[in-house]
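Participant: Handing you this structure, nothing more for now.
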Amino acid sequence: MIWNWQLDGWIVAAGILCAVASALLGNFLVLRRLSMLGDAISHAILPGLAVAFLISNSRSSLPMFVGAVIVGVLTALFTEWIRGVGKVDEGASMGVVFTSLFALGLIMIVQAADRVDLDAGCVLYGAIELTPLDTIKLLGFDIPRAVVVLGSVTVLNLMFVVLFFKELKLTSFDPSLATSMGVSSTWMHYALMVLVAVTAVASFESVGNILVVAMFIVPPATAYLLTDRLGIMILISTGVAALSAVSGHVAAVVVPTWFGYQSTTTAGMMAVMVGALFGVAMLFAPRQGVVIKWLRNRALSLRILCDDIVATLYRRSEHVAADQVRMDDVSMNVEELTETLYASSRQLRSALARLRRRGELEQVDGQYELTDRGIEHGRELVRSHRLWEQYLVSEASLHPTKIHDKAEKLEHFTDRSLRDQLSDATDSPVLDPHGQSIPPERRGDV
Amino acid sequence: MSGKSSKVSSWRTVAARLLLVLLLIGCSESVALAAPASRSIADRSVSWPTASQWRRVLFLEDYNTRVVLLGVAVLGAAAGLVGSFTLLRKRALLGDALAHASTPGIALAFMFATALGLDGKSLPVLLLGATITGVLGIGVVLVVRSQTRLKEDAALGIVLSVFFGAGVALLGIVQQMESGSAAGLEGFIYGKTASMNASDARLILVASGIAVVGCLLLFKEFKLLCFDENFAGSRGMPVLVLDLCLMALVVLVTIVGLQAVGLILVVALFVTPTAAARFWTEKLWRVAGLSALMGGVGGVFGAAASALMPRLPSGAMIVLASTALFAFSMFFGTARGVLIRWLRRFRVNRRVRRRHLLRGLYELLELDEPDSVFRRDARVPVETVLATRSWSRNQLSRTIASAQHEELITLREDSIGLTQSGYVQAARLTREHRLWELYLITHAEVAPSRVDRDADAIEHVLEPELVDELERLLEQQPVHIAVPASPHDSLSPGALQ
């Protein structure tokens with residue numbers, strides 16, 4: 001691949017500007033749950049563009065922006081109106097509005113196609129590859145028109161976000177508080193819609209009006225999974241947007257050559273790359289990630305299984321002490337444990353290995369037995385369990401038949417201080433509701 | 001009871017047999033290969049149809065036109081029917097994500113089929129590809145929604161745009177494969193009934209027929225699912241299975257609708273007719289029937305327009321026909337239309353003003369003759385009435401005219417008098433007003449200076465039972481005191497002795 005700064009540089013610049021301009025606004029769309037309204041507006045600007053083309057007979061920017069602002073506000077207004085009048089949910093009223101406007105725009109563009117250099121494909125997919133060909137003189141440099149337009153829109157959006165940061169934050173998270181503080185969330189809503197429409201118009205030549213939705217929604221959604229702070233979320237989303245623009249263009253040029261084809265559309269690959277970045281964030285985000293959550297669940301279930309093994313063996317030793325079973329039954333083998341605890345053998349093996357590493361368990365001829373440290377742990381667990389049972393019966397007035405499962409869950413999350421509190425709250429009981437003795441906190445105490 | 005259940009079961013057997021027949025036709029149809037000859041949408045110039053073209057379409061002279069119109073009509077009806085359930089389940093835009101997510105599937109199916117030496121433009125192959133990635137897209141929506149803290153709207157937007165982007169990138173490669181060979185794929189984006197041949201149309205017909213029959217068979221179950229999912233679960237209905245059935249019907253109709261309407265606009269088939277039907281009625285089965293009807297009509301008009309002017313994208317025409325029906329319903333709908341609501345509000349306002357006039361007259365007459373009974377010839381000047389409330393002269397004269405029309409008052413030389421029936425009504429209204437005022441003062445502890453406005457708001461909706469209740473609470477004797485004395489007078493310092 002030969003990188004030509006004159007061509008590829010400008011394409012990437014246009015892509016970055018378009019992606020960043022969209023992502024800046026997209027943060028508030030995602031937070032306000034208006035993502036699909038962004039989608040609706042970027043579809044619905046089509047008739048606005050078509051009318052602007054028909055009136056001005058050119059692709060000059062000003063009529064297009066005016067048309068887009070009008071249509072953007074109309075989309076938001078119509079959606080709100082139909083939702084109220086027709087008593088349908090927002091999604092449905094949006095569906096009615098944007099499909100109608102898009103259909104109207106499509107027909108107008110097909111009608112106008114013989115007069116103006118424009119076709120529907122260009123509106124849908126954009127033509128970012130043609131960016132470097134259409135230049136204007138600015139400060140003595142030949143700069144592509146799209147870069148100038150997108151740059152201005154990026155600056156506009158940046159100013160909006162920076163100047164109205166407080167208002168946007170307030171109206172996005174707590175509209176009623178905002179209203180009570182004198183910030184009109186309606187005005188912020190429509191200001192946002194106007195800018196979304198303007199951004200969609202500026203971007204449609206580059207990435208097309210469906211793929212601009214990817215730039216509106218996906219980078220902020222990615223950032224939303226990575227942080228809880230709005231300022232950081234905006235920063236991350238612009239970073240993700242810029243990264244996807246660069247990698248999208250590279251992928252569009254490089255990937256098809258692996259299969260023996262020429263380059264494909266940069267806009268499409270930008271959407272694919274931003275989707276891939278979202279996928280990575282979804283899987284590996286430090287706190288929200290699917291993989292992290294899965295690992296955390298695994299660790300928790302392993303810990304609980306270890307607790308259950310220890311508690312089971314401890315109860316066995318109690319039975320032995322009470323002469324209910326024979327002396328050699330104090331230990332259990334793997335099969336018995338599997339049967340008692342309903343655990344898969346793989347889970348059980350890793351739990352047993354872990355307990356042996358911690359020195360709570362020892363193995364003699366395939367039989368597992370608690371060490372002193374294990375007995376200590378088991379006593380804590382069984383004490384927690386029985387204290388909870390006592391507490392649930394005496395303080396929460398539950399029926400004794402219903403307390404076991406609850407105590408079984410709570411025992412794993414009960415530490416020394418909570419046990420002491422439970423003991424105090426239930427007047428330091430000796431027996432639990434089922435008549436079994438509650439072991440003392442330390443050996444020897446009664 | 002048993003008669004009814006046997007009727008239901010026989011109806012279900014018939015429907016099930018119909019479904020089987022449709023499936024058999026579908027199997028035989030899907031083998032047929034299609035080779036649509038189409039032009040790119042980029043073809044310029046739309047020519048007005050000639051007289052012979054009009055005749056051919058309007059009188060259904062072509063076999064092809066007949067089948068296409070029928071296919072699109074049934075498609076519209078099926079989508080309208082399925083859409084009435086998805087709209088109630090607030091899943092209207094899931095179809096949008098599904099349709100957009102089918103783009104890469106279409107491109108991939110074309111590439112694989114061509115690589116294997118098959119006809120890449122064979123409709124069943126393309127639709128199979130579309131189904132696979134479409135369903136995958138829905139799966140991703142569900143995973144994102146359940147596994148992350150993002151909400152439904154963001155999940156839909158992500159799937160819709162990223163899958164469509166992948167589709168566009170793949171189409172960019174498909175276009176390089178053999179020049180012109182991918183032109184037929186564009187029809188899936190904008191919809192192109194013109195490129196549809198009879199066997200494509202029959203595929204649509206069969207799939208839509210299956211969806212219609214499926215909806216009718218499971219109507220009761222879907223209804224419960226939409227209105228009260230938890231209740232349906234507690235009745236022992238397999239909620240998850242039903243939900244999947246509904247989703248499968250959406251997928252079926254969306255996928256076969258791609259060719260006719262195009263993947264950007266296919267969601268309109270589900271949403272617009274149902275939203276339109278809700279302006280006419282509140283009952284689900286009527287909404288479903290009406291939305292199926294409107295979907296069918298919209299489909300026929302759109303497809304006919306597309307047949308007349310082949311270069312117009314048929315999807316846009318079908319959607320605009322539906323939108324026209326929607327706009328008509330929105331204004332003229334009998335249950336919730338804008339006009340009927342306006343008319344209702346107008347009537348209520350007029351009645352309220354008439355009541356205000358009557359009560360105002362009564363109170364003015366009462367002021368003149370506090371102790372005496374009503375005199376037939378007692379009259380009040382219009383100017384005095386005007387001063388009692390904040391109404392404009394225009395409103396007052398219109399109210400007077402309507403009250404005159406109802407023969408409640410008489411108007412002579414700028415002074416108003418009550419007729420016999422007007423007096424009875426005025427007395428009743430005043431009585432209700434004062435009963436409510438008294439109630440608010442004694443039981444709700446509202447300050448006497450504020451009760452008038454509160455009573456004003458409620459007096460127009462007081463039911464006779466409520467009036468009785470008020471009488472009981474206030475221990476008023478309806479026989480002796482026709483109208484209780486105004487609390488404002490009795491509480492004035494002079495009246496307290």
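Just remember, in the structure tokens the first chain shown is A, the second B, etc., residues are 1-based per chain, and ligands are 1-based in the order shown.
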If we count only C-alpha atoms, what is near stretch 217-226 of chain B at a cut-off of 9 Å, once residues fewer than 2 positions away on the same chain are taken out, given as a count of residues only?
Facilitator: 27
Participant: Can you work out which residues from chain B touch chain A at a cut-off of 7 Å (counting only C-alpha atoms) and hand them back as a count of residues only?
Facilitator: 35
Participant: Env of B:Leu263: 6 Å cut, atoms = only C-alpha atoms, seq-sep filter 6 positions within chain, self excluded. Answer as number ranges by chain.
Facilitator: B: 99-100, 189
Participant: Could you find all residues in stretch 259-419 of chain B that DSSP calls strand (DSSP E) from the backbone, and write them as a PyMOL selection string?
Facilitator: chain B and resi 380-381+409-412+415-418
